[in-house]
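Visitor: Supplied structure: coords25.txt, compact mmCIF, C-alpha atoms.
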# COMPACT_ATOMS: atom_id res chain seq x y z
CA MET Z 1 -29.26 -78.76 23.70
CA THR Z 2 -27.67 -82.15 23.29
CA THR Z 3 -24.01 -82.62 24.13
CA PRO Z 4 -21.98 -82.38 20.93
CA SER Z 5 -19.89 -85.37 19.93
CA LEU Z 6 -16.11 -85.09 20.07
CA THR Z 7 -15.99 -85.15 16.27
CA THR Z 8 -18.41 -82.22 16.18
CA LYS Z 9 -16.33 -80.27 18.70
CA LEU Z 10 -13.08 -80.88 16.85
CA GLU Z 11 -14.56 -79.94 13.52
CA ALA Z 12 -15.86 -76.69 15.01
CA ILE Z 13 -12.47 -75.85 16.52
CA LEU Z 14 -10.67 -76.63 13.26
CA PHE Z 15 -13.16 -74.44 11.42
CA VAL Z 16 -12.25 -71.33 13.40
CA ALA Z 17 -8.53 -72.06 13.70
CA ALA Z 18 -6.26 -69.68 11.85
CA GLU Z 19 -3.51 -72.24 11.41
CA PRO Z 20 -3.05 -76.02 11.39
CA LEU Z 21 -3.47 -77.48 14.88
CA SER Z 22 -1.54 -80.31 16.47
CA LEU Z 23 -3.19 -83.34 17.98
CA GLU Z 24 -2.17 -82.13 21.44
CA ARG Z 25 -3.63 -78.67 20.95
CA LEU Z 26 -6.87 -80.17 19.70
CA ALA Z 27 -7.02 -82.51 22.70
CA VAL Z 28 -6.54 -79.58 25.08
CA ALA Z 29 -9.07 -77.45 23.21
CA ALA Z 30 -11.69 -80.20 23.30
CA ASP Z 31 -10.69 -81.18 26.86
CA THR Z 32 -10.30 -84.83 25.86
CA PRO Z 33 -7.52 -87.41 26.11
CA VAL Z 34 -5.17 -87.52 23.11
CA ALA Z 35 -6.17 -91.09 22.21
CA ASP Z 36 -9.87 -90.17 21.97
CA THR Z 37 -9.00 -87.07 20.00
CA GLN Z 38 -7.01 -89.13 17.54
CA ALA Z 39 -9.89 -91.56 17.07
CA ALA Z 40 -12.31 -88.70 16.49
CA LEU Z 41 -9.93 -87.13 13.96
CA GLN Z 42 -9.78 -90.44 12.13
CA ASP Z 43 -13.56 -90.39 12.08
CA LEU Z 44 -13.48 -86.88 10.66
CA ALA Z 45 -10.86 -87.84 8.06
CA SER Z 46 -12.97 -90.75 6.89
CA GLN Z 47 -15.90 -88.44 6.05
CA THR Z 48 -14.83 -87.85 2.49
CA SER Z 49 -18.22 -87.22 0.93
CA ARG Z 50 -18.43 -83.73 2.37
CA GLY Z 51 -17.40 -80.37 0.96
CA ILE Z 52 -14.92 -79.86 3.75
CA VAL Z 53 -12.27 -82.46 4.45
CA LEU Z 54 -9.58 -82.92 7.07
CA SER Z 55 -6.01 -82.40 5.92
CA GLU Z 56 -3.05 -83.68 7.91
CA LEU Z 57 0.67 -83.13 7.64
CA GLY Z 58 3.21 -84.13 10.25
CA GLY Z 59 0.56 -84.37 12.97
CA GLN Z 60 -0.89 -80.92 12.15
CA TYR Z 61 -4.54 -80.77 11.15
CA ARG Z 62 -6.61 -78.27 9.20
CA LEU Z 63 -9.84 -78.19 7.23
CA THR Z 64 -9.79 -77.61 3.49
CA THR Z 65 -12.30 -77.75 0.69
CA ALA Z 66 -12.67 -81.22 -0.79
CA PRO Z 67 -10.43 -81.82 -3.82
CA ALA Z 68 -13.46 -83.39 -5.51
CA ALA Z 69 -15.21 -80.01 -5.32
CA SER Z 70 -12.24 -78.20 -6.82
CA ALA Z 71 -13.87 -77.27 -10.12
CA VAL Z 72 -17.01 -75.79 -8.58
CA VAL Z 73 -15.06 -73.82 -5.96
CA ARG Z 74 -12.71 -72.52 -8.63
CA LYS Z 75 -15.68 -71.34 -10.64
CA PHE Z 76 -17.28 -69.72 -7.60
CA LEU Z 77 -14.05 -67.92 -6.70
CA ARG Z 78 -13.63 -66.97 -10.37
CA ASP Z 79 -10.13 -68.35 -9.99
CA GLU Z 80 -8.99 -68.80 -13.54
CA SER Z 81 -5.32 -68.95 -12.66
CA LYS Z 82 -3.57 -72.09 -13.73
CA SER Z 83 -0.86 -73.60 -11.61
CA ASP Z 84 2.18 -71.62 -12.67
CA LEU Z 85 4.77 -74.09 -11.46
CA SER Z 86 7.49 -74.80 -14.00
CA LYS Z 87 8.62 -78.27 -14.90
CA ALA Z 88 11.78 -77.76 -12.83
CA ALA Z 89 9.69 -76.54 -9.86
CA LEU Z 90 7.42 -79.59 -10.12
CA GLU Z 91 10.42 -81.91 -10.25
CA THR Z 92 11.95 -80.29 -7.19
CA LEU Z 93 8.63 -80.51 -5.37
CA ALA Z 94 8.29 -84.17 -6.33
CA ILE Z 95 11.75 -84.91 -4.96
CA VAL Z 96 10.97 -83.14 -1.67
CA ALA Z 97 7.55 -84.80 -1.44
CA TYR Z 98 8.68 -88.36 -2.15
CA ARG Z 99 12.19 -88.29 -0.72
CA GLY Z 100 11.93 -85.62 1.99
CA PRO Z 101 12.91 -84.53 4.44
CA LEU Z 102 16.17 -84.07 2.62
CA THR Z 103 18.98 -81.56 2.14
CA ARG Z 104 19.65 -79.24 -0.77
CA SER Z 105 22.60 -81.35 -1.94
CA GLN Z 106 20.41 -84.46 -1.95
CA VAL Z 107 17.93 -82.61 -4.18
CA ASP Z 108 20.84 -81.57 -6.42
CA THR Z 109 21.94 -85.19 -6.77
CA VAL Z 110 18.56 -86.36 -8.01
CA ARG Z 111 18.05 -83.44 -10.39
CA GLY Z 112 21.66 -83.33 -11.55
CA VAL Z 113 21.64 -79.55 -11.26
CA ALA Z 114 22.06 -76.97 -8.50
CA SER Z 115 18.74 -76.40 -6.75
CA ASP Z 116 19.40 -73.63 -4.24
CA THR Z 117 17.53 -70.93 -6.16
CA MET Z 118 14.63 -73.26 -6.83
CA LEU Z 119 14.40 -74.30 -3.18
CA ARG Z 120 14.48 -70.65 -2.09
CA ASN Z 121 11.62 -69.83 -4.45
CA LEU Z 122 9.52 -72.76 -3.29
CA LEU Z 123 10.25 -71.81 0.32
CA ALA Z 124 9.15 -68.25 -0.37
CA ARG Z 125 5.93 -69.53 -1.95
CA GLY Z 126 5.32 -71.66 1.11
CA LEU Z 127 5.19 -74.92 -0.84
CA ILE Z 128 8.07 -76.41 1.10
CA ARG Z 129 9.21 -75.77 4.64
CA GLU Z 130 12.36 -76.09 6.65
CA ALA Z 131 12.21 -79.31 8.62
CA GLY Z 132 15.09 -79.33 11.04
CA ARG Z 133 18.69 -80.14 10.26
CA SER Z 134 20.46 -83.22 9.03
CA ALA Z 135 22.94 -85.03 11.28
CA GLU Z 136 25.49 -84.88 8.43
CA PRO Z 137 28.63 -82.77 8.91
CA GLY Z 138 27.74 -79.10 8.80
CA ARG Z 139 24.21 -79.95 9.88
CA PRO Z 140 22.61 -78.86 6.59
CA GLN Z 141 19.01 -77.68 6.46
CA LEU Z 142 16.37 -80.29 5.72
CA TYR Z 143 13.33 -79.54 3.59
CA SER Z 144 9.91 -81.13 3.41
CA VAL Z 145 6.61 -80.23 1.83
CA SER Z 146 4.11 -77.94 3.55
CA HIS Z 147 0.37 -77.82 4.12
CA SER Z 148 0.15 -75.38 1.21
CA PHE Z 149 1.75 -78.03 -0.99
CA LEU Z 150 -0.99 -80.48 -0.05
CA GLN Z 151 -3.69 -77.93 -0.84
CA HIS Z 152 -2.05 -76.91 -4.10
CA PHE Z 153 -2.30 -80.47 -5.35
CA GLY Z 154 -5.56 -81.42 -3.64
CA LEU Z 155 -3.98 -83.94 -1.28
CA GLN Z 156 -5.40 -84.61 2.18
CA SER Z 157 -2.14 -85.98 3.52
CA PRO Z 158 1.25 -87.12 2.19
CA ALA Z 159 -0.26 -90.62 2.02
CA ASP Z 160 -2.46 -89.32 -0.83
CA LEU Z 161 0.57 -88.75 -3.07
CA PRO Z 162 0.21 -90.87 -6.20
CA PRO Z 163 2.53 -93.87 -5.89
CA LEU Z 164 5.98 -93.28 -7.31
CA PRO Z 165 6.35 -95.01 -10.69
CA THR Z 166 8.09 -98.37 -10.45
CA THR Z 167 11.68 -98.73 -11.58
CA SER Z 168 12.33 -99.05 -15.30
CA GLU Z 169 13.33 -102.72 -14.93
CA GLN Z 170 9.87 -103.50 -13.69
CA SER Z 171 7.99 -101.18 -16.01
CA HIS Z 172 9.73 -102.61 -19.03
CA ALA Z 173 9.41 -106.20 -17.91
CA HIS Z 174 7.03 -106.97 -20.78
CA MET V 1 27.49 -74.05 -37.14
CA THR V 2 24.88 -73.67 -34.45
CA HIS V 3 21.26 -74.56 -34.50
CA THR V 4 18.68 -74.23 -31.75
CA VAL V 5 16.76 -77.27 -30.72
CA ALA V 6 13.14 -76.47 -30.05
CA VAL V 7 12.77 -77.35 -26.42
CA GLY V 8 9.43 -76.35 -24.98
CA GLU V 9 10.71 -76.21 -21.51
CA PHE V 10 14.10 -76.13 -19.97
CA GLU V 11 15.62 -79.58 -19.56
CA GLY V 12 18.49 -80.24 -17.21
CA PRO V 13 21.41 -82.47 -18.20
CA LEU V 14 19.72 -85.58 -16.81
CA GLY V 15 16.54 -84.72 -18.69
CA ILE V 16 18.42 -84.53 -21.97
CA LEU V 17 20.24 -87.79 -21.30
CA LEU V 18 17.03 -89.50 -20.25
CA ASP V 19 15.29 -88.44 -23.47
CA LEU V 20 18.17 -89.89 -25.47
CA VAL V 21 18.17 -93.14 -23.53
CA GLU V 22 14.40 -93.54 -23.76
CA ARG V 23 14.52 -93.05 -27.49
CA ARG V 24 17.02 -95.89 -27.85
CA GLN V 25 16.59 -98.39 -25.10
CA PHE V 26 15.92 -98.74 -21.43
CA GLU V 27 19.34 -98.06 -20.05
CA VAL V 28 22.86 -97.10 -20.86
CA THR V 29 24.93 -100.20 -21.60
CA SER V 30 28.58 -100.70 -22.53
CA ILE V 31 27.39 -101.11 -26.10
CA SER V 32 25.15 -98.05 -26.24
CA VAL V 33 27.31 -95.70 -24.20
CA ALA V 34 29.36 -94.47 -27.18
CA ASP V 35 26.24 -93.74 -29.20
CA ILE V 36 24.49 -92.03 -26.32
CA THR V 37 27.54 -89.95 -25.44
CA THR V 38 27.70 -88.66 -29.01
CA GLY V 39 24.00 -87.84 -28.94
CA TYR V 40 24.32 -86.04 -25.61
CA LEU V 41 27.29 -83.96 -26.71
CA GLU V 42 25.41 -82.97 -29.87
CA SER V 43 22.39 -81.94 -27.82
CA ILE V 44 24.34 -79.73 -25.50
CA ARG V 45 26.30 -78.14 -28.33
CA SER V 46 23.12 -76.45 -29.52
CA LEU V 47 22.04 -75.61 -26.01
CA LYS V 48 21.59 -72.04 -24.86
CA ALA V 49 22.51 -72.23 -21.21
CA ARG V 50 21.56 -69.28 -19.11
CA SER V 51 24.75 -69.06 -17.11
CA ALA V 52 28.27 -70.45 -16.93
CA GLU V 53 27.28 -72.34 -13.82
CA GLU V 54 24.41 -73.98 -15.66
CA LEU V 55 26.61 -74.82 -18.62
CA SER V 56 29.13 -76.47 -16.29
CA GLU V 57 26.40 -78.84 -15.09
CA PHE V 58 25.82 -80.01 -18.65
CA LEU V 59 29.53 -80.34 -19.26
CA ALA V 60 30.04 -82.32 -16.06
CA LEU V 61 27.64 -85.02 -17.24
CA GLY V 62 29.22 -84.95 -20.70
CA ALA V 63 32.65 -85.51 -19.16
CA ARG V 64 31.28 -88.34 -17.10
CA LEU V 65 29.82 -90.05 -20.17
CA LEU V 66 33.11 -89.63 -22.04
CA TYR V 67 34.94 -91.18 -19.12
CA ILE V 68 32.63 -94.20 -19.06
CA LYS V 69 33.00 -94.53 -22.82
CA SER V 70 36.79 -94.31 -22.55
CA LEU V 71 36.90 -97.13 -20.01
CA ALA V 72 35.85 -99.57 -22.76
CA LEU V 73 38.51 -98.30 -25.13
CA LEU V 74 41.41 -98.73 -22.78
CA PRO V 75 42.27 -102.41 -22.50
CA THR V 76 44.39 -102.03 -19.37
CA THR V 77 41.56 -100.62 -17.34
CA ASN V 78 39.78 -102.65 -14.76
CA PRO V 79 36.66 -103.91 -16.61
CA ALA V 80 34.66 -103.91 -13.39
CA GLU V 81 35.03 -100.14 -13.21
CA GLN V 82 32.94 -99.51 -16.29
CA THR V 83 30.27 -101.87 -15.04
CA GLU V 84 30.20 -100.03 -11.74
CA GLU V 85 30.10 -96.58 -13.37
CA LEU V 86 27.28 -97.68 -15.66
CA ARG V 87 25.36 -99.17 -12.78
CA THR V 88 25.60 -95.90 -10.80
CA LEU V 89 24.61 -93.81 -13.82
CA ASN V 90 21.61 -96.01 -14.57
CA LEU V 91 20.49 -95.89 -10.95
CA GLU V 92 20.62 -92.10 -11.03
CA LEU V 93 18.81 -91.98 -14.36
CA ASP V 94 16.19 -94.33 -13.05
CA GLU V 95 15.58 -92.24 -9.96
CA TYR V 96 15.36 -89.11 -12.08
CA LYS V 97 12.97 -90.83 -14.47
CA ARG V 98 10.64 -91.80 -11.65
CA ILE V 99 10.73 -88.29 -10.22
CA ARG V 100 10.11 -86.75 -13.65
CA GLN V 101 7.10 -89.00 -14.10
CA ALA V 102 5.85 -88.23 -10.59
CA ALA V 103 6.26 -84.50 -11.26
CA ARG V 104 4.06 -84.79 -14.36
CA THR V 105 1.37 -86.61 -12.41
CA LEU V 106 1.63 -84.07 -9.62
CA GLY V 107 1.30 -81.22 -12.11
CA LEU V 108 -2.00 -82.66 -13.35
CA ARG V 109 -3.29 -82.86 -9.79
CA ALA V 110 -3.03 -79.11 -9.40
CA ALA V 111 -6.40 -78.99 -11.21
CA ASN V 112 -7.94 -80.59 -8.13
CA ARG V 113 -6.56 -78.17 -5.62
CA SER V 114 -8.14 -77.43 -2.26
CA TRP V 115 -8.66 -74.13 -0.55
CA VAL V 116 -8.50 -73.12 3.06
CA ARG V 117 -10.36 -70.31 4.73
CA PRO V 118 -7.85 -67.53 4.35
CA VAL V 119 -8.84 -65.70 7.53
CA ALA V 120 -10.23 -67.19 10.71
CA PRO V 121 -12.69 -65.22 12.81
CA GLN V 122 -10.91 -62.76 15.04
CA LEU V 123 -10.87 -64.09 18.54
CA GLU V 124 -10.51 -60.78 20.33
CA LEU V 125 -11.72 -57.67 18.66
CA HIS V 126 -10.15 -54.65 20.21
CA GLU V 127 -13.30 -52.78 19.58
CA LEU V 128 -14.92 -51.58 22.79
CA PRO V 129 -18.53 -52.47 23.37
CA LEU V 130 -20.75 -49.44 23.74
CA PRO V 131 -23.38 -50.21 26.37
CA ASP V 132 -26.45 -48.09 26.76
CA LEU V 133 -25.45 -45.71 24.05
CA GLU V 134 -28.29 -43.43 23.13
CA LEU V 135 -28.59 -40.32 21.08
CA SER V 136 -29.11 -38.25 24.23
CA ALA V 137 -25.65 -39.30 25.43
CA LEU V 138 -24.21 -37.84 22.27
CA THR V 139 -25.99 -34.50 22.69
CA GLN V 140 -24.91 -34.35 26.33
CA ALA V 141 -21.32 -35.04 25.35
CA PHE V 142 -21.50 -32.30 22.76
CA ALA V 143 -22.93 -29.85 25.29
CA ARG V 144 -20.11 -30.74 27.70
CA ALA V 145 -17.54 -30.15 25.02
CA LEU V 146 -19.06 -26.75 24.21
CA ARG V 147 -19.00 -25.74 27.87
CA ALA V 148 -15.38 -26.76 28.16
CA ALA V 149 -14.37 -24.87 25.05
CA PRO V 150 -12.58 -21.61 25.73
CA VAL V 151 -14.88 -18.65 25.36
CA GLU V 152 -12.36 -16.76 23.37
CA ALA V 153 -9.73 -18.22 21.14
CA PRO V 154 -6.35 -17.09 22.37
CA SER V 155 -4.89 -14.48 20.10
CA GLY V 156 -1.25 -13.98 19.55
CA ILE V 157 1.46 -15.66 21.53
CA ILE V 158 0.86 -16.36 25.18
CA HIS V 159 3.87 -16.16 27.37
CA VAL V 160 3.42 -18.32 30.38
CA THR V 161 5.87 -20.10 32.51
CA ILE V 162 4.55 -23.19 34.13
CA SER V 163 6.87 -25.38 36.03
CA GLN V 164 5.98 -29.00 36.17
CA HIS V 165 7.39 -29.06 39.66
CA MET V 166 4.98 -26.34 40.70
CA VAL V 167 1.98 -28.16 39.28
CA GLN V 168 3.17 -31.37 40.84
CA THR V 169 3.29 -29.77 44.26
CA ARG V 170 -0.18 -28.34 43.76
CA LEU V 171 -1.57 -31.74 42.80
CA ARG V 172 0.22 -33.47 45.64
CA HIS V 173 -1.70 -31.35 48.14
CA ARG V 174 -4.98 -32.45 46.66
CA LEU V 175 -4.16 -36.15 46.62
CA ALA V 176 -5.39 -36.83 50.15
CA ALA V 177 -8.91 -35.69 49.28
CA GLY V 178 -8.70 -37.24 45.81
CA PHE V 179 -9.85 -35.56 42.61
CA GLU V 180 -11.05 -36.23 39.14
CA LEU V 181 -8.71 -35.70 36.24
CA ALA V 182 -11.36 -33.87 34.23
CA GLU V 183 -11.87 -31.44 37.11
CA VAL V 184 -8.17 -30.55 37.27
CA LEU V 185 -7.95 -30.22 33.51
CA ARG V 186 -10.94 -27.87 33.47
CA GLU V 187 -8.98 -25.54 35.73
CA CYS V 188 -6.22 -25.29 33.15
CA ALA V 189 -6.16 -22.09 31.17
CA ASN V 190 -4.67 -23.44 28.00
CA ARG V 191 -3.39 -26.48 26.21
CA LEU V 192 0.17 -26.06 27.46
CA GLU V 193 -1.04 -26.09 31.05
CA ILE V 194 -3.03 -29.27 30.34
CA VAL V 195 0.06 -30.95 29.00
CA VAL V 196 2.15 -29.91 31.98
CA THR V 197 -0.58 -31.02 34.42
CA PHE V 198 -0.79 -34.36 32.67
CA LEU V 199 2.99 -34.82 32.84
CA ALA V 200 2.97 -33.81 36.50
CA LEU V 201 0.32 -36.41 37.22
CA LEU V 202 2.25 -39.11 35.37
CA GLU V 203 5.29 -38.21 37.46
CA LEU V 204 3.27 -38.59 40.65
CA VAL V 205 2.05 -42.00 39.50
CA ARG V 206 5.58 -42.99 38.63
CA GLU V 207 6.78 -41.95 42.08
CA GLY V 208 4.05 -44.08 43.56
CA ALA V 209 2.45 -41.11 45.26
CA ALA V 210 -0.75 -41.22 43.24
CA SER V 211 -2.92 -44.00 41.93
CA VAL V 212 -5.46 -43.64 39.15
CA GLY V 213 -8.62 -45.56 38.50
CA GLN V 214 -11.68 -45.55 36.32
CA ALA V 215 -14.90 -46.99 37.67
CA ASP V 216 -16.60 -47.55 34.34
CA GLN V 217 -15.86 -47.37 30.71
CA PHE V 218 -15.59 -43.75 29.54
CA GLY V 219 -16.08 -42.74 33.18
CA ASP V 220 -14.08 -40.08 34.97
CA ILE V 221 -10.49 -40.86 35.80
CA GLU V 222 -10.14 -40.63 39.56
CA VAL V 223 -6.85 -39.79 41.20
CA HIS V 224 -6.11 -40.84 44.78
CA GLN V 225 -3.27 -40.98 47.16
CA ALA V 226 -1.51 -44.28 46.63
Starting from the coordinates I provided, produce the structure as structure tokens.
Guide:
Amino acid sequence: MTTPSLTTKLEAILFVAAEPLSLERLAVAADTPVADTQAALQDLASQTSRGIVLSELGGQYRLTTAPAASAVVRKFLRDESKSDLSKAALETLAIVAYRGPLTRSQVDTVRGVASDTMLRNLLARGLIREAGRSAEPGRPQLYSVSHSFLQHFGLQSPADLPPLPTTSEQSHAH
Amino acid sequence: MTHTVAVGEFEGPLGILLDLVERRQFEVTSISVADITTGYLESIRSLKARSAEELSEFLALGARLLYIKSLALLPTTNPAEQTEELRTLNLELDEYKRIRQAARTLGLRAANRSWVRPVAPQLELHELPLPDLELSALTQAFARALRAAPVEAPSGIIHVTISQHMVQTRLRHRLAAGFELAEVLRECANRLEIVVTFLALLELVREGAASVGQADQFGDIEVHQA
């Protein structure tokens, strides 16, 4: 049997992993230096024509089905459920995704309304996660989006987020 | 007079204001602020807020608009203040507008969602492997169980007094030669005696007087002097 490539090894490990794995854990698992592991992961991430793609968030990696194959997978799973996120939930998620990590009061400021209940619900659904504490007085909780958030919207990493619309001055420049 | 505005989905105060502003122009100016404030106050008058707390959020923005509007009407006021208030309000509106747009785009993307394997293969199954298991082993086991079964079911209440200490002493004497647990249990007359013997043995192990071992899976449990 030929020696498997590092990319092959990493893909196999990610396939059986029950949770997202860090770069360091993958390097240890594949018994390879971190730098080589990172290069191999980049190789894996660039293979976007496959049914399985690499998803990354905050240095944690996992395999997911390709967003491009979403329709066929949905049909196979007989998943007819539509995303049930309300407009307010989507707005809160957008704020956390584009402006996070940030505190509840920072979310409130952008939305102009109290967001504690909304944040609790999104936390319970696993779409956002607690991401340490702010250095502000009282050290309030910081929130950022989760791996589940990426999967819910078919994103491979936060870099895949559609660009935030430009400011109104620019968009109305015509 | 109250009338309900048909709002498909719940809009927050900034959402209502943004709709008003977008209908008129691109931002709130010192000229449009009076008009927009009136429009906003009309919108929230017909609003059915779900709680007092929610209503206060709408009122807070209304009060802020009225304040900005009032700054233009009072000649003694620092004119720079209105400019500054308007600038802040427009910045906030702009940020909210971008987020609202981004949220819409994001919502559409949910159609392209990904899935993960919900369960990874279990790394360690706590299921014991069964080597060399044949049907004959099963029949032998059944025969053993039959032999061990009491010939007669005990009838009525049996009055026995078994002291754990007594059993312990008896077992202690046999430790030097070593014995099998099954052998000792076979000597027991009833279930109570088995329980007491078992407890006595555990006590000996706890004391460090006895050590137990099992050579192979499902094999006999051997008891030795520790």
Visitor: Which residues are near region 105-111 of chain V? Cut-off 10 Å, all atoms listed in the file, ignore same chain within fewer than 6 positions. Put them as a list in words.
Guide: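 Everything that qualifies: Pro67, Ser70, Ala71, Arg74, Lys82, Ser83, Asp84, Leu85, Ser86, Lys87, Ala89, Leu90, Glu91, Leu93, Ala94, Phe149, Leu150, Gln151, His152, Phe153, Gly154, Leu155, Leu161, Pro162, Pro163, Leu164 and Pro165 of chain Z; Ile99 of chain V.
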Visitor: Take the selection from the previous step and output its residues with C-alpha atoms, as a JSON list (two decimals), in the coordinates of the input.
Guide:
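Resulting contents of part11.json:
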[["chain", "number", "residue", "atom", "x", "y", "z"],
["Z", 67, "PRO", "CA", -10.43, -81.82, -3.82],
["Z", 70, "SER", "CA", -12.24, -78.20, -6.82],
["Z", 71, "ALA", "CA", -13.87, -77.27, -10.12],
["Z", 74, "ARG", "CA", -12.71, -72.52, -8.63],
["Z", 82, "LYS", "CA", -3.57, -72.09, -13.73],
["Z", 83, "SER", "CA", -0.86, -73.60, -11.61],
["Z", 84, "ASP", "CA", 2.18, -71.62, -12.67],
["Z", 85, "LEU", "CA", 4.77, -74.09, -11.46],
["Z", 86, "SER", "CA", 7.49, -74.80, -14.00],
["Z", 87, "LYS", "CA", 8.62, -78.27, -14.90],
["Z", 89, "ALA", "CA", 9.69, -76.54, -9.86],
["Z", 90, "LEU", "CA", 7.42, -79.59, -10.12],
["Z", 91, "GLU", "CA", 10.42, -81.91, -10.25],
["Z", 93, "LEU", "CA", 8.63, -80.51, -5.37],
["Z", 94, "ALA", "CA", 8.29, -84.17, -6.33],
["Z", 149, "PHE", "CA", 1.75, -78.03, -0.99],
["Z", 150, "LEU", "CA", -0.99, -80.48, -0.05],
["Z", 151, "GLN", "CA", -3.69, -77.93, -0.84],
["Z", 152, "HIS", "CA", -2.05, -76.91, -4.10],
["Z", 153, "PHE", "CA", -2.30, -80.47, -5.35],
["Z", 154, "GLY", "CA", -5.56, -81.42, -3.64],
["Z", 155, "LEU", "CA", -3.98, -83.94, -1.28],
["Z", 161, "LEU", "CA", 0.57, -88.75, -3.07],
["Z", 162, "PRO", "CA", 0.21, -90.87, -6.20],
["Z", 163, "PRO", "CA", 2.53, -93.87, -5.89],
["Z", 164, "LEU", "CA", 5.98, -93.28, -7.31],
["Z", 165, "PRO", "CA", 6.35, -95.01, -10.69],
["V", 99, "ILE", "CA", 10.73, -88.29, -10.22]]
Visitor: Quick check: residues of chain V within 7 Å of chain Z, all atoms listed in the file, returned as an MDAnalysis selection string.
Guide: chainID V and resid 12:14 57 92 94:96 98:103 106:107 109:110 112:116 119:121
Visitor: Compile the contact shell of region 138-152 of chain V as a list in words: residues with an atom at most 12 Å away, counting only C-alpha atoms, same-chain residues fewer than 6 positions apart removed.
Guide: Asp132, Ala182, Glu183, Leu185, Arg186, Glu187, Cys188, Ala189, Asn190, Arg191 and Phe218 of chain V
Visitor: Quick one: everything within 6 Å of Ile128 (chain Z), counting only C-alpha atoms, minus sequence neighbours fewer than 4 positions away in the same chain. Send it as a PyMOL selection string.
Guide: chain Z and resi 122-123+144-146
Visitor: Looking at all atoms listed in the file, which of Z:Ala135, Z:Thr103, Z:Glu130, Z:Leu6 is the one that sits closest to Ser115 (chain Z)?
Guide: Z:Thr103
Visitor: For CA of Gly100 (chain Z) and CA of Tyr143 (chain Z), quote the distance in Å rounded to one decimal.
Guide: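 Distance between the two atoms: 6.4 Å.
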Visitor: Would you pick out the contacts of Glu24 (chain Z) at 7 Å or less, using only C-alpha atoms, so that residues sharing its chain but fewer than 3 positions from it are not included, and give the list as a short mmCIF file (atom, residue, chain, number, x, y, z; two decimals) with C-alpha atoms, in the coordinates of the input?
Guide:
data_model
loop_
_atom_site.label_atom_id
_atom_site.label_comp_id
_atom_site.auth_asym_id
_atom_site.auth_seq_id
_atom_site.Cartn_x
_atom_site.Cartn_y
_atom_site.Cartn_z
CA ALA Z 27 -7.02 -82.51 22.70
CA VAL Z 28 -6.54 -79.58 25.08
CA VAL Z 34 -5.17 -87.52 23.11
#
Visitor: For Asp43 (chain Z), which residue among Z:Leu23, Z:Leu57, Z:Leu10, Z:Leu127 is the nearest when counting all atoms listed in the file?
Guide: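 The shortest atom-to-atom distance to Asp43 (chain Z) comes from Z:Leu10.
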Visitor: Could you tell me how far CA of Ala34 (chain V) lies from CA of Ser105 (chain Z), in Å and to one decimal?
Guide: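 Between these atoms lies a distance of 29.2 Å.
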Visitor: Which value, in Å to one decimal, gives the distance between CA of Leu102 (chain Z) and CA of Leu142 (chain Z)?
Guide: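 These atoms are spaced 4.9 Å apart.
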Visitor: Please determine, counting all atoms listed in the file, which residue among V:Gln164, V:Gly178, V:Arg104, V:Ala215 has the shortest atom-to-atom distance to Thr197 (chain V).
Guide: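 Between V:Gln164, V:Gly178, V:Arg104, V:Ala215, the residue approaching Thr197 (chain V) most closely is V:Gln164.
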Visitor: Excluding region 89-91 of chain V and its own-chain neighbours fewer than 4 positions away, which residues fall within 8 Å of it when counting all atoms listed in the file? Please give them as a list in words.
Guide: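 The residues satisfying every condition are Glu27, Val28, Glu85 and Glu95 of chain V.
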